[in-house]
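Below is model-v2.txt, which holds compact mmCIF, C-alpha atoms.
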```txt
# COMPACT_ATOMS: atom_id res chain seq x y z
CA MET M 467 82.25 96.41 126.00
CA VAL M 468 83.91 93.34 124.46
CA LYS M 469 81.41 91.02 122.78
CA SER M 470 81.36 87.24 123.22
CA MET M 471 82.54 84.88 120.47
CA GLU M 472 79.02 83.50 120.19
CA TYR M 473 77.68 86.98 119.48
CA ASP M 474 80.50 87.74 117.01
CA LEU M 475 79.98 84.50 115.08
CA GLY M 476 76.27 85.24 114.90
CA GLU M 477 77.08 88.70 113.52
CA VAL M 478 79.43 87.27 110.88
CA LEU M 479 76.73 84.77 109.87
CA THR M 480 74.00 87.42 109.57
CA LEU M 481 76.09 89.93 107.65
CA PHE M 482 77.52 87.27 105.35
CA ARG M 483 74.07 85.76 104.69
CA GLU M 484 72.56 89.16 103.97
CA LYS M 485 75.54 90.18 101.82
CA ARG M 486 76.14 93.30 103.93
CA VAL M 487 79.70 93.47 102.67
CA LEU M 488 80.81 96.80 104.11
CA GLU M 489 79.41 95.96 107.53
CA LEU M 490 81.27 92.66 107.39
CA ARG M 491 84.45 94.61 106.88
CA GLY M 492 83.62 96.94 109.77
CA LEU M 493 82.93 93.93 111.96
CA SER M 494 86.28 92.45 110.99
CA ASN M 495 88.02 95.64 112.09
CA ARG M 496 86.24 95.60 115.43
CA LEU M 497 87.21 91.95 115.96
CA ILE M 498 90.87 92.73 115.26
CA ARG M 499 90.80 95.69 117.64
CA GLU M 500 89.39 93.54 120.42
CA ALA M 501 91.73 90.65 119.61
CA SER M 502 94.71 93.05 119.83
CA ALA M 503 93.62 94.29 123.24
CA GLU M 504 92.89 90.81 124.61
CA ASN M 505 95.61 88.84 122.77
CA ASN M 506 92.72 86.67 121.56
CA TYR M 507 93.88 84.44 118.72
CA VAL M 508 90.43 82.93 118.06
CA LYS M 509 88.85 86.35 117.70
CA ALA M 510 91.72 87.43 115.44
CA GLU M 511 91.13 84.39 113.23
CA LEU M 512 87.43 85.24 112.98
CA GLY M 513 88.40 88.83 112.13
CA VAL M 514 90.54 87.64 109.22
CA ILE M 515 87.79 85.28 108.04
CA ALA M 516 85.24 88.13 108.10
CA TYR M 517 87.62 90.30 106.08
CA ALA M 518 88.27 87.53 103.51
CA LEU M 519 84.52 86.86 103.17
CA HIS M 520 83.87 90.57 102.62
CA LYS M 521 86.59 90.58 99.95
CA ILE M 522 85.14 87.55 98.16
CA GLU M 523 81.59 88.90 98.30
CA SER M 524 82.73 92.12 96.65
CA LYS M 525 84.16 90.32 93.59
CA SER M 526 81.59 89.67 90.88
CA HIS M 527 83.43 86.67 89.39
CA PHE M 528 83.15 84.97 92.78
CA VAL M 529 79.59 86.01 93.54
CA ASN M 530 78.30 84.90 90.13
CA SER M 531 80.09 81.58 90.17
CA PRO M 532 78.22 78.34 90.99
CA VAL M 533 81.49 77.09 92.52
CA TRP M 534 81.33 79.83 95.15
CA GLY M 535 77.61 79.22 95.64
CA LYS M 536 78.36 75.64 96.61
CA ILE M 537 81.34 76.48 98.83
CA LYS M 538 79.30 79.21 100.50
CA LEU M 539 76.88 76.63 101.85
CA ALA M 540 79.75 74.86 103.57
CA VAL M 541 80.88 78.20 105.06
CA PHE M 542 77.37 78.87 106.44
CA LYS M 543 77.27 75.40 107.96
CA ASN M 544 80.65 75.80 109.62
CA ILE M 545 79.83 79.22 111.05
CA GLU M 546 76.63 77.74 112.52
CA SER M 547 78.66 74.86 113.98
CA GLY M 548 81.08 77.46 115.34
CA VAL M 549 78.20 79.19 117.16
CA PHE M 550 77.28 75.81 118.67
CA ALA M 551 80.90 75.17 119.79
CA SER M 552 81.08 78.67 121.22
CA LYS M 553 77.89 78.12 123.22
CA LYS M 554 79.53 75.04 124.70
CA ASN M 555 82.66 77.08 125.44
CA ASP M 556 84.69 74.54 123.46
CA SER M 557 87.41 76.69 121.89
CA GLU M 558 89.23 73.71 120.36
CA LEU M 559 86.08 72.65 118.53
CA LEU M 560 85.45 76.26 117.54
CA MET M 561 88.95 76.56 116.07
CA SER M 562 88.38 73.35 114.09
CA TYR M 563 85.29 74.91 112.44
CA LEU M 564 87.14 78.15 111.76
CA LYS M 565 89.90 76.10 110.07
CA LYS M 566 87.24 74.43 107.90
CA ILE M 567 85.99 77.88 106.84
CA ILE M 568 89.54 78.88 105.94
CA ILE M 569 89.91 75.70 103.84
CA SER M 570 86.67 76.62 102.02
CA ILE M 571 87.96 80.15 101.34
CA GLU M 572 91.27 78.76 100.05
CA GLU M 573 89.38 76.27 97.88
CA ALA M 574 87.26 79.01 96.33
CA ASP M 575 90.32 81.16 95.77
CA LEU M 576 92.18 78.32 94.08
CA SER M 577 89.29 77.76 91.67
CA LEU M 578 88.32 81.35 91.00
CA GLY M 579 91.12 83.66 92.14
CA HIS M 580 93.23 85.68 89.70
CA TYR M 581 96.27 86.35 91.85
CA ALA M 582 99.27 84.32 92.92
CA SER M 583 98.89 85.36 96.53
CA SER M 584 95.67 84.13 98.09
CA ILE M 585 92.77 86.22 99.36
CA TYR M 586 93.23 84.70 102.81
CA ASP M 587 96.95 85.50 102.96
CA LYS M 588 96.25 89.07 101.86
CA ALA M 589 93.50 89.34 104.47
CA LYS M 590 95.97 88.23 107.16
CA VAL M 591 98.48 90.91 106.16
CA LYS M 592 95.82 93.61 105.92
CA GLN M 593 94.38 92.84 109.34
CA ALA M 594 97.84 92.39 110.90
CA SER M 595 98.60 95.95 109.78
CA LEU M 596 95.49 97.01 111.65
CA ALA M 597 96.72 95.21 114.78
CA TYR M 598 100.07 97.03 114.36
CA SER M 599 98.21 100.33 114.12
CA TYR M 600 96.60 99.51 117.48
CA GLY M 601 100.06 99.58 119.04
CA LEU M 602 101.31 95.98 118.90
CA SER M 603 104.84 95.31 117.72
CA ILE M 604 105.28 93.99 114.17
CA SER M 605 106.07 90.46 115.39
CA GLN M 606 103.12 90.40 117.76
CA ALA M 607 100.73 91.78 115.14
CA ALA M 608 101.92 89.21 112.57
CA ASP M 609 101.72 86.40 115.10
CA LEU M 610 98.21 87.31 116.24
CA VAL M 611 96.71 86.70 112.80
CA GLY M 612 99.36 84.32 111.43
CA ALA M 613 100.65 86.78 108.83
CA ASP M 614 104.12 86.76 107.32
CA LYS M 615 106.26 89.38 109.05
CA LYS M 616 108.12 90.40 105.88
CA GLU M 617 104.86 90.87 103.98
CA LEU M 618 103.47 92.85 106.88
CA GLN M 619 106.50 95.12 107.09
CA SER M 620 106.37 95.78 103.38
CA TYR M 621 102.58 96.43 103.49
CA ILE M 622 102.94 98.87 106.38
CA GLY M 623 105.60 100.77 104.43
CA PHE M 624 103.01 101.71 101.83
CA THR M 625 100.49 103.00 104.34
CA THR M 626 100.51 106.42 106.01
CA MET M 627 100.58 104.81 109.44
CA HIS M 628 104.03 106.07 110.32
CA ASP M 629 103.10 109.61 109.29
CA GLU M 630 100.25 109.80 111.75
CA GLU M 631 102.14 109.83 115.05
CA MET M 632 105.09 112.09 115.72
CA GLU M 633 108.30 110.45 116.86
CA SER M 634 109.64 111.70 120.18
CA LYS M 635 113.12 111.96 118.68
CA GLY M 636 113.54 113.11 115.10
CA MET M 637 115.91 111.73 112.51
CA ARG M 638 118.45 114.56 112.79
CA LYS M 639 118.82 113.89 116.51
CA ARG M 640 119.15 110.14 116.06
CA VAL M 641 121.74 110.50 113.32
CA ASP M 642 123.79 112.84 115.52
CA GLU M 643 123.50 110.42 118.45
CA LEU M 644 124.59 107.52 116.27
CA ARG M 645 127.60 109.47 115.04
CA ILE M 646 128.65 110.41 118.58
CA LEU M 647 128.21 106.80 119.70
CA VAL M 648 130.28 105.19 116.94
CA GLU M 649 133.01 107.85 117.23
CA SER M 650 133.28 107.57 121.02
CA GLU M 651 133.37 103.77 120.80
CA LYS M 652 136.18 103.99 118.24
CA ILE M 653 138.27 106.09 120.63
CA ASN M 654 137.64 103.66 123.49
CA MET D 480 130.91 99.11 119.10
CA LYS D 481 128.65 96.18 119.86
CA ALA D 482 125.17 96.32 118.36
CA VAL D 483 122.23 94.00 117.88
CA ILE D 484 120.13 94.04 114.74
CA ASP D 485 116.48 93.04 114.49
CA THR D 486 115.05 90.99 111.62
CA GLY D 487 113.02 93.89 110.25
CA THR D 488 116.07 96.10 109.84
CA MET D 489 118.02 93.32 108.08
CA ILE D 490 115.08 92.86 105.71
CA THR D 491 114.88 96.60 105.05
CA PHE D 492 118.52 96.71 103.95
CA SER D 493 118.24 93.63 101.77
CA SER D 494 114.92 94.55 100.17
CA THR D 495 116.10 98.06 99.28
CA CYS D 496 119.36 96.71 97.82
CA LEU D 497 121.31 98.81 100.34
CA MET D 498 123.28 95.93 101.82
CA ASN D 499 126.53 97.35 100.41
CA VAL D 500 125.93 100.69 102.10
CA PHE D 501 125.14 98.87 105.32
CA ARG D 502 128.26 96.71 104.98
CA ALA D 503 130.39 99.84 104.44
CA PHE D 504 128.80 101.45 107.52
CA VAL D 505 129.52 98.41 109.71
CA LYS D 506 133.14 98.14 108.56
CA HIS D 507 133.90 101.86 108.65
CA ASN D 508 132.57 102.23 112.19
CA ASP D 509 133.93 98.94 113.59
CA VAL D 510 130.47 97.77 114.51
CA GLU D 511 130.38 94.28 115.98
CA LEU D 512 126.96 93.22 114.83
CA ILE D 513 125.11 90.38 116.53
CA VAL D 514 121.94 88.52 115.62
CA SER D 515 120.26 85.60 117.28
CA ASN D 516 119.75 82.18 115.72
CA ASP D 517 116.05 82.92 115.43
CA VAL D 518 116.68 86.14 113.53
CA ALA D 519 118.91 84.12 111.19
CA ASN D 520 116.10 81.61 110.72
CA GLU D 521 113.52 84.31 110.19
CA SER D 522 115.56 86.41 107.79
CA VAL D 523 117.47 83.68 105.91
CA TRP D 524 116.72 80.02 106.42
CA ARG D 525 112.92 80.18 106.22
CA PRO D 526 112.49 82.80 103.45
CA ILE D 527 115.21 81.26 101.27
CA LYS D 528 112.77 78.42 100.57
CA ASN D 529 110.11 80.90 99.44
CA LYS D 530 110.50 82.01 95.79
CA ARG D 531 109.17 85.48 96.58
CA PHE D 532 111.69 86.22 99.32
CA ALA D 533 114.63 84.01 98.37
CA LEU D 534 116.78 86.75 96.82
CA ASN D 535 116.45 89.02 99.85
CA ALA D 536 117.31 86.10 102.09
CA ALA D 537 120.34 85.28 99.94
CA ARG D 538 121.63 88.84 100.33
CA ILE D 539 121.42 88.53 104.11
CA LYS D 540 122.99 85.07 103.97
CA TYR D 541 125.93 86.64 102.14
CA ALA D 542 126.32 89.19 104.95
CA PHE D 543 126.49 86.29 107.40
CA SER D 544 129.08 84.42 105.36
CA GLU D 545 131.13 87.60 105.00
CA LYS D 546 131.06 87.96 108.81
CA ILE D 547 129.41 91.38 108.62
CA VAL D 548 126.89 89.97 111.06
CA LYS D 549 127.65 87.36 113.68
CA VAL D 550 125.00 84.76 114.47
CA VAL D 551 125.01 83.69 118.10
CA PRO D 552 123.43 80.50 119.45
CA PRO D 553 120.68 80.56 122.09
CA THR D 554 121.71 80.31 125.75
CA THR D 555 119.89 79.57 128.98
CA GLU D 556 120.76 83.05 130.20
CA GLY D 557 119.27 84.53 127.03
CA GLU D 558 116.07 82.55 127.45
CA ARG D 559 115.79 83.75 131.05
CA TYR D 560 116.12 87.36 129.94
CA GLU D 561 113.60 86.82 127.15
CA GLU D 562 111.03 85.51 129.58
CA ARG D 563 111.58 88.46 131.90
CA ILE D 564 111.40 90.95 129.06
CA LEU D 565 108.17 89.42 127.75
CA HIS D 566 106.64 89.28 131.21
CA LEU D 567 107.45 92.91 132.03
CA ALA D 568 106.65 94.42 128.62
CA ASN D 569 103.43 92.46 128.22
CA ASN D 570 102.21 93.38 131.70
CA SER D 571 102.92 97.10 131.50
CA PHE D 572 99.78 98.37 129.75
CA TYR D 573 96.24 97.36 130.66
CA THR D 574 92.80 97.75 129.17
CA LYS D 575 89.66 97.01 131.18
CA THR D 576 89.91 93.36 130.17
CA GLY D 577 93.55 92.79 131.10
CA PRO D 578 97.15 93.28 129.98
CA ILE D 579 98.00 94.08 126.36
CA THR D 580 100.49 91.69 124.78
CA LEU D 581 102.68 94.17 122.94
CA LEU D 582 105.90 92.26 122.25
CA GLN D 583 106.60 88.86 120.87
CA ARG D 584 109.58 86.54 121.13
CA GLY D 585 111.34 88.14 118.12
CA GLU D 586 111.72 91.53 119.76
CA ALA D 587 112.39 90.05 123.22
CA GLU D 588 115.23 88.00 121.80
CA ALA D 589 116.90 91.05 120.26
CA LEU D 590 116.61 92.91 123.57
CA ALA D 591 117.94 89.91 125.52
CA LEU D 592 120.97 89.73 123.24
CA ALA D 593 121.61 93.45 123.73
CA LYS D 594 121.53 92.87 127.49
CA ILE D 595 123.81 89.82 127.50
CA TYR D 596 126.42 91.23 125.14
CA GLY D 597 126.35 94.74 126.60
CA ALA D 598 125.39 96.21 123.23
CA LYS D 599 125.37 100.00 122.97
CA ALA D 600 122.86 100.06 120.15
CA LEU D 601 119.85 98.16 118.89
CA PHE D 602 119.04 98.59 115.22
CA ILE D 603 115.29 98.22 115.01
CA ASP D 604 112.80 99.63 112.50
CA GLU D 605 109.52 98.96 114.25
CA ARG D 606 108.17 101.55 116.65
CA THR D 607 106.55 99.69 119.55
CA THR D 608 109.73 98.24 121.09
CA ARG D 609 111.45 101.60 120.62
CA SER D 610 108.61 103.50 122.28
CA LEU D 611 108.51 101.09 125.23
CA ILE D 612 112.09 101.97 126.11
CA GLU D 613 112.37 105.58 124.94
CA ASN D 614 108.95 107.03 125.54
CA PRO D 615 106.28 104.76 127.05
CA LEU D 616 103.94 107.72 127.59
CA ARG D 617 103.86 108.21 123.84
CA LEU D 618 102.99 104.54 123.43
CA LYS D 619 100.21 104.92 126.01
CA LYS D 620 98.78 107.82 124.01
CA VAL D 621 98.95 105.80 120.78
CA LEU D 622 97.22 102.85 122.44
CA GLU D 623 94.51 105.08 123.90
CA LYS D 624 93.90 106.87 120.64
CA ARG D 625 93.87 103.72 118.53
CA GLN D 626 91.92 101.51 120.86
CA SER D 627 89.54 104.33 121.89
CA GLN D 628 89.71 103.42 125.55
CA GLU D 629 91.59 104.32 128.68
CA ILE D 630 94.88 102.48 129.13
CA ARG D 631 96.44 101.96 132.55
CA MET D 632 100.18 101.65 133.02
CA ASN D 633 101.81 99.35 135.53
CA GLU D 634 104.62 101.70 136.53
CA THR D 635 106.50 99.01 138.49
CA ASN D 636 106.74 96.63 135.54
CA LEU D 637 107.47 99.40 133.11
CA SER D 638 110.28 100.81 135.25
CA ALA D 639 111.77 97.35 135.77
CA PHE D 640 111.66 96.79 132.02
CA ARG D 641 113.30 100.11 131.18
CA GLU D 642 115.92 99.71 133.91
CA MET D 643 117.15 96.61 132.11
CA PHE D 644 118.41 98.86 129.28
CA PRO D 645 119.67 102.08 130.85
CA ASP D 646 122.24 102.89 128.15
CA LEU D 647 120.80 101.18 125.11
CA LYS D 648 120.29 103.53 122.17
CA MET D 649 117.96 102.65 119.36
CA PHE D 650 118.36 103.46 115.69
CA ARG D 651 116.45 102.68 112.53
CA SER D 652 117.68 101.82 109.07
CA VAL D 653 116.98 105.42 107.94
CA ASP D 654 119.31 106.73 110.66
CA ILE D 655 122.08 104.34 109.57
CA ILE D 656 121.66 105.25 105.90
CA ALA D 657 121.74 108.97 106.68
CA LEU D 658 124.92 108.65 108.73
CA ALA D 659 126.49 106.41 106.07
CA PHE D 660 125.80 109.19 103.57
CA GLU D 661 127.31 111.85 105.86
CA GLN D 662 130.36 109.59 106.24
CA ASP D 663 130.64 109.39 102.45
CA LEU D 664 129.98 105.66 102.31
CA PHE D 665 127.47 105.64 99.45
CA ASP D 666 130.08 105.06 96.75
CA HIS D 667 129.91 101.34 97.43
CA GLU D 668 126.48 101.35 95.83
CA LEU D 669 125.32 104.82 94.72
CA ASN D 670 126.59 108.25 93.73
CA HIS D 671 127.17 110.65 96.59
CA SER D 672 124.46 113.24 96.09
CA ILE D 673 121.34 114.38 97.89
CA VAL D 674 119.17 112.82 95.15
CA GLU D 675 120.51 109.37 96.00
CA LEU D 676 120.17 110.02 99.72
CA GLU D 677 116.56 111.08 99.36
CA ALA D 678 115.80 108.04 97.16
CA ALA D 679 117.43 105.69 99.68
CA LEU D 680 115.51 107.19 102.61
CA TRP D 681 112.18 106.92 100.81
CA ALA D 682 112.88 103.35 99.70
CA THR D 683 113.58 102.52 103.34
CA LYS D 684 110.35 104.14 104.47
CA PHE D 685 108.39 102.19 101.84
CA SER D 686 110.04 99.01 103.07
CA GLY D 687 108.32 99.49 106.40
CA CYS D 688 110.83 101.44 108.51
CA ALA D 689 108.90 103.50 111.07
CA VAL D 690 109.76 107.00 109.90
CA SER D 691 107.42 109.80 108.88
CA GLU D 692 107.52 111.89 105.73
CA MET D 693 107.97 114.98 107.91
CA GLU D 694 111.01 113.48 109.62
CA ILE D 695 112.66 112.69 106.29
CA ASN D 696 111.95 116.18 104.96
CA ASP D 697 113.18 117.85 108.17
CA TYR D 698 116.37 115.82 108.05
CA LEU D 699 117.00 116.67 104.38
CA ASP D 700 116.36 120.38 105.09
CA SER D 701 118.80 120.35 107.99
CA TYR D 702 121.39 118.57 105.83
CA ARG D 703 121.00 121.16 103.06
CA ARG D 704 121.22 124.04 105.59
CA ASN D 705 124.42 122.65 107.10
CA LYS D 706 125.98 122.27 103.65
CA LYS D 707 125.50 125.95 102.79
```
Could you take the file, read its structure, and then write that structure out as structure tokens?
Amino acid sequence: MVKSMEYDLGEVLTLFREKRVLELRGLSNRLIREASAENNYVKAELGVIAYALHKIESKSHFVNSPVWGKIKLAVFKNIESGVFASKKNDSELLMSYLKKIIISIEEADLSLGHYASSIYDKAKVKQASLAYSYGLSISQAADLVGADKKELQSYIGFTTMHDEEMESKGMRKRVDELRILVESEKIN
Amino acid sequence: MKAVIDTGTMITFSSTCLMNVFRAFVKHNDVELIVSNDVANESVWRPIKNKRFALNAARIKYAFSEKIVKVVPPTTEGERYEERILHLANNSFYTKTGPITLLQRGEAEALALAKIYGAKALFIDERTTRSLIENPLRLKKVLEKRQSQEIRMNETNLSAFREMFPDLKMFRSVDIIALAFEQDLFDHELNHSIVELEAALWATKFSGCAVSEMEINDYLDSYRRNKK
């Protein structure tokens, strides 16, 4: 059963407030799975936000920083406003609050992050790879969460995803087919 | 032979520094390689402005300027095909809540080009587009397993989609590299030995080409057996 956005936002708010980091991650995965099935860009965005919040909350230099403490209040407020927008079925308004949360995450990352690539960008790639694992094409998975396709391709290469399902046609067969094709085309 | 190449495959060759092997393969086999304007944008003109990806993009740009790959402009006919491809592919598999959007414009564009130019091959590294044409039942199983729910197929749409490409064969960058090796085309970049082949295949896998470890090992075993 697919949950409503209002319910999902409420879940994100509760888990984030109560610092239930692992559950926040699990929720993010569920949101991405549902977004992949429904082609739901708003749900996908919330899935990436939940993942980024879980990531931030698991880093002690973020959690112990007064900067994050202050930004966190803005995130709470915007999730609550998102619940309100969702109740009104106003997806444009909801997206505007989600964007504000993303800006807060980026702001925290800029002040406290240690890496050149941002937590939010990494969250997009990570969750796009999940969407790809659910069967979407690389372009569709990248598009759903707004990830960079090249980053996604490279990330997927380092996972075991392609080892999990057997190809219907193995490499030997494909190589032989390619040889036959190029040779026959040369003759023609 | 006419062939279309997808962005992902171009990126695999450039990011693994195997563009010279690819170039040798294209020339040796008289492959007339086509990409769309959007693929050019996605693999060259956008990433060349990004410090992290600029070198890869520059390698692909060089392949364009050397006429290894021909960039073709968009056409009304192409756009019509793209729309049809997207409609059929994205209305072929259903969950309880509705159709699953599997493909995006990038893949549809490559397929539309293959249709318009009568390409015999599509070089594509990602697995969903390939499965849709070659083995949709496999894709259905993957979707069901991954999404933990029953997936329905719209046979009419799926058949119409597959009938658009009755003779189109699909190959990945690993397949091209392996054949290039068998054709002795590695000397443009690497020594001709199984060590280099294995390294090139693994680099390609780590770049995101949809190939399993088992497939690579099976291929290498078969190559070694045939050499004896």
Spatial neighbours of Ala503 (chain D), max dist 12 Å, all atoms listed in the file, sep filter under 2 positions, as a PyMOL selection string: chain D and resi 497-501+505-510+542+547+655-656+658-660+662-668
For a quick test of understanding: name the residues of chain M lying within 8 Å of chain D when counting all atoms listed in the file, and present them as a ChimeraX atom specification. /M:499,502-505,599-606,609,616,619-624,628-634,636-638,640-641,644-645,648-649,651-652
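Atom to atom, CA of Ala482 (chain D) and CA of Glu675 (chain D) stand 26.3 Å apart.
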Using only C-alpha atoms, determine which residues lie at most 10 Å from region 477-493 of chain M, disregarding the query and same-chain residues fewer than 5 positions distant; provide the list as a list in words. Met471, Glu472, Ile498, Arg499, Leu512, Gly513, Val514, Ile515, Ala516, Tyr517, Ala518, Leu519, His520, Lys521, Ile522, Glu523, Ser524, Lys538, Leu539, Val541, Phe542, Lys543, Asn544, Ile545, Glu546 and Val549 of chain M
Compile the contact shell of Lys566 (chain M) as a count of residues only: residues with an atom at most 9 Å away, counting all atoms listed in the file, same-chain residues fewer than 3 positions apart removed. 9
Point-to-point distance from CA of Ser584 (chain M) to CA of Glu572 (chain M), Å rounded to tenths: 7.2 Å
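From CA of Arg703 (chain D) back to CA of His671 (chain D), the distance works out to 13.8 Å.
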Would you pick out the contacts of Arg563 (chain D) at 12 Å or less, using all atoms listed in the file, so that residues sharing its chain but fewer than 3 positions from it are not included, and give the list as an mmCIF file with C-alpha atoms, in the frame of the given file?
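And here's around31.cif as it stands now:
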```
data_model
loop_
_atom_site.group_PDB
_atom_site.id
_atom_site.type_symbol
_atom_site.label_atom_id
_atom_site.label_comp_id
_atom_site.auth_asym_id
_atom_site.auth_seq_id
_atom_site.Cartn_x
_atom_site.Cartn_y
_atom_site.Cartn_z
ATOM 1 C CA GLU D 556 120.760 83.050 130.200
ATOM 2 C CA GLY D 557 119.270 84.530 127.030
ATOM 3 C CA GLU D 558 116.070 82.550 127.450
ATOM 4 C CA ARG D 559 115.790 83.750 131.050
ATOM 5 C CA TYR D 560 116.120 87.360 129.940
ATOM 6 C CA HIS D 566 106.640 89.280 131.210
ATOM 7 C CA LEU D 567 107.450 92.910 132.030
ATOM 8 C CA ALA D 568 106.650 94.420 128.620
ATOM 9 C CA ASN D 569 103.430 92.460 128.220
ATOM 10 C CA ASN D 570 102.210 93.380 131.700
ATOM 11 C CA LEU D 582 105.900 92.260 122.250
ATOM 12 C CA ARG D 584 109.580 86.540 121.130
ATOM 13 C CA ALA D 587 112.390 90.050 123.220
ATOM 14 C CA GLU D 588 115.230 88.000 121.800
ATOM 15 C CA LEU D 590 116.610 92.910 123.570
ATOM 16 C CA ALA D 591 117.940 89.910 125.520
ATOM 17 C CA LYS D 594 121.530 92.870 127.490
ATOM 18 C CA ASN D 636 106.740 96.630 135.540
ATOM 19 C CA LEU D 637 107.470 99.400 133.110
ATOM 20 C CA ALA D 639 111.770 97.350 135.770
ATOM 21 C CA PHE D 640 111.660 96.790 132.020
ATOM 22 C CA ARG D 641 113.300 100.110 131.180
ATOM 23 C CA MET D 643 117.150 96.610 132.110
#
```
Please return the centre and edge lengths, in Å to one decimal, of a box with edges along x, y and z that contains all listed atoms of region 537-554 of chain M, widened by 8 Å on every side, as AutoDock Vina command-line options.
```
--center_x 79.0 --center_y 77.0 --center_z 111.8 --size_x 20.7 --size_y 20.4 --size_z 41.9
```
Output requested as a PDB file, in the frame of the given file - region 574-579 of chain D, filled out with all heavy atoms.
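Printed below is selection_14.pdb as written:
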```pdb
ATOM      1  N   THR D 574      94.142  97.255 129.493  1.00  0.00           N
ATOM      2  CA  THR D 574      92.800  97.750 129.170  1.00  0.00           C
ATOM      3  C   THR D 574      91.887  97.252 130.300  1.00  0.00           C
ATOM      4  O   THR D 574      92.373  96.602 131.227  1.00  0.00           O
ATOM      5  CB  THR D 574      92.275  97.167 127.836  1.00  0.00           C
ATOM      6  OG1 THR D 574      92.164  95.760 127.974  1.00  0.00           O
ATOM      7  CG2 THR D 574      93.187  97.500 126.673  1.00  0.00           C
ATOM      8  N   LYS D 575      90.600  97.484 130.152  1.00  0.00           N
ATOM      9  CA  LYS D 575      89.660  97.010 131.180  1.00  0.00           C
ATOM     10  C   LYS D 575      89.690  95.495 131.302  1.00  0.00           C
ATOM     11  O   LYS D 575      89.424  94.926 132.356  1.00  0.00           O
ATOM     12  CB  LYS D 575      88.233  97.443 130.810  1.00  0.00           C
ATOM     13  CG  LYS D 575      87.932  98.867 131.204  1.00  0.00           C
ATOM     14  CD  LYS D 575      86.525  99.221 130.728  1.00  0.00           C
ATOM     15  CE  LYS D 575      86.445 100.708 130.428  1.00  0.00           C
ATOM     16  NZ  LYS D 575      85.554 101.023 129.348  1.00  0.00           N
ATOM     17  N   THR D 576      89.981  94.825 130.165  1.00  0.00           N
ATOM     18  CA  THR D 576      89.910  93.360 130.170  1.00  0.00           C
ATOM     19  C   THR D 576      91.214  92.678 130.584  1.00  0.00           C
ATOM     20  O   THR D 576      91.229  91.474 130.778  1.00  0.00           O
ATOM     21  CB  THR D 576      89.486  92.826 128.787  1.00  0.00           C
ATOM     22  OG1 THR D 576      90.359  93.393 127.811  1.00  0.00           O
ATOM     23  CG2 THR D 576      88.050  93.166 128.471  1.00  0.00           C
ATOM     24  N   GLY D 577      92.293  93.428 130.690  1.00  0.00           N
ATOM     25  CA  GLY D 577      93.550  92.790 131.100  1.00  0.00           C
ATOM     26  C   GLY D 577      94.766  93.388 130.404  1.00  0.00           C
ATOM     27  O   GLY D 577      94.654  94.420 129.729  1.00  0.00           O
ATOM     28  N   PRO D 578      95.928  92.723 130.562  1.00  0.00           N
ATOM     29  CA  PRO D 578      97.150  93.280 129.980  1.00  0.00           C
ATOM     30  C   PRO D 578      97.182  93.176 128.449  1.00  0.00           C
ATOM     31  O   PRO D 578      96.598  92.256 127.887  1.00  0.00           O
ATOM     32  CB  PRO D 578      98.252  92.407 130.589  1.00  0.00           C
ATOM     33  CG  PRO D 578      97.595  91.141 130.960  1.00  0.00           C
ATOM     34  CD  PRO D 578      96.173  91.478 131.297  1.00  0.00           C
ATOM     35  N   ILE D 579      97.858  94.128 127.817  1.00  0.00           N
ATOM     36  CA  ILE D 579      98.000  94.080 126.360  1.00  0.00           C
ATOM     37  C   ILE D 579      99.333  93.405 126.021  1.00  0.00           C
ATOM     38  O   ILE D 579     100.380  93.838 126.491  1.00  0.00           O
ATOM     39  CB  ILE D 579      97.980  95.492 125.725  1.00  0.00           C
ATOM     40  CG1 ILE D 579      96.760  96.278 126.205  1.00  0.00           C
ATOM     41  CG2 ILE D 579      98.003  95.409 124.208  1.00  0.00           C
ATOM     42  CD1 ILE D 579      96.721  97.715 125.695  1.00  0.00           C
TER      43      ILE D 579
END
```
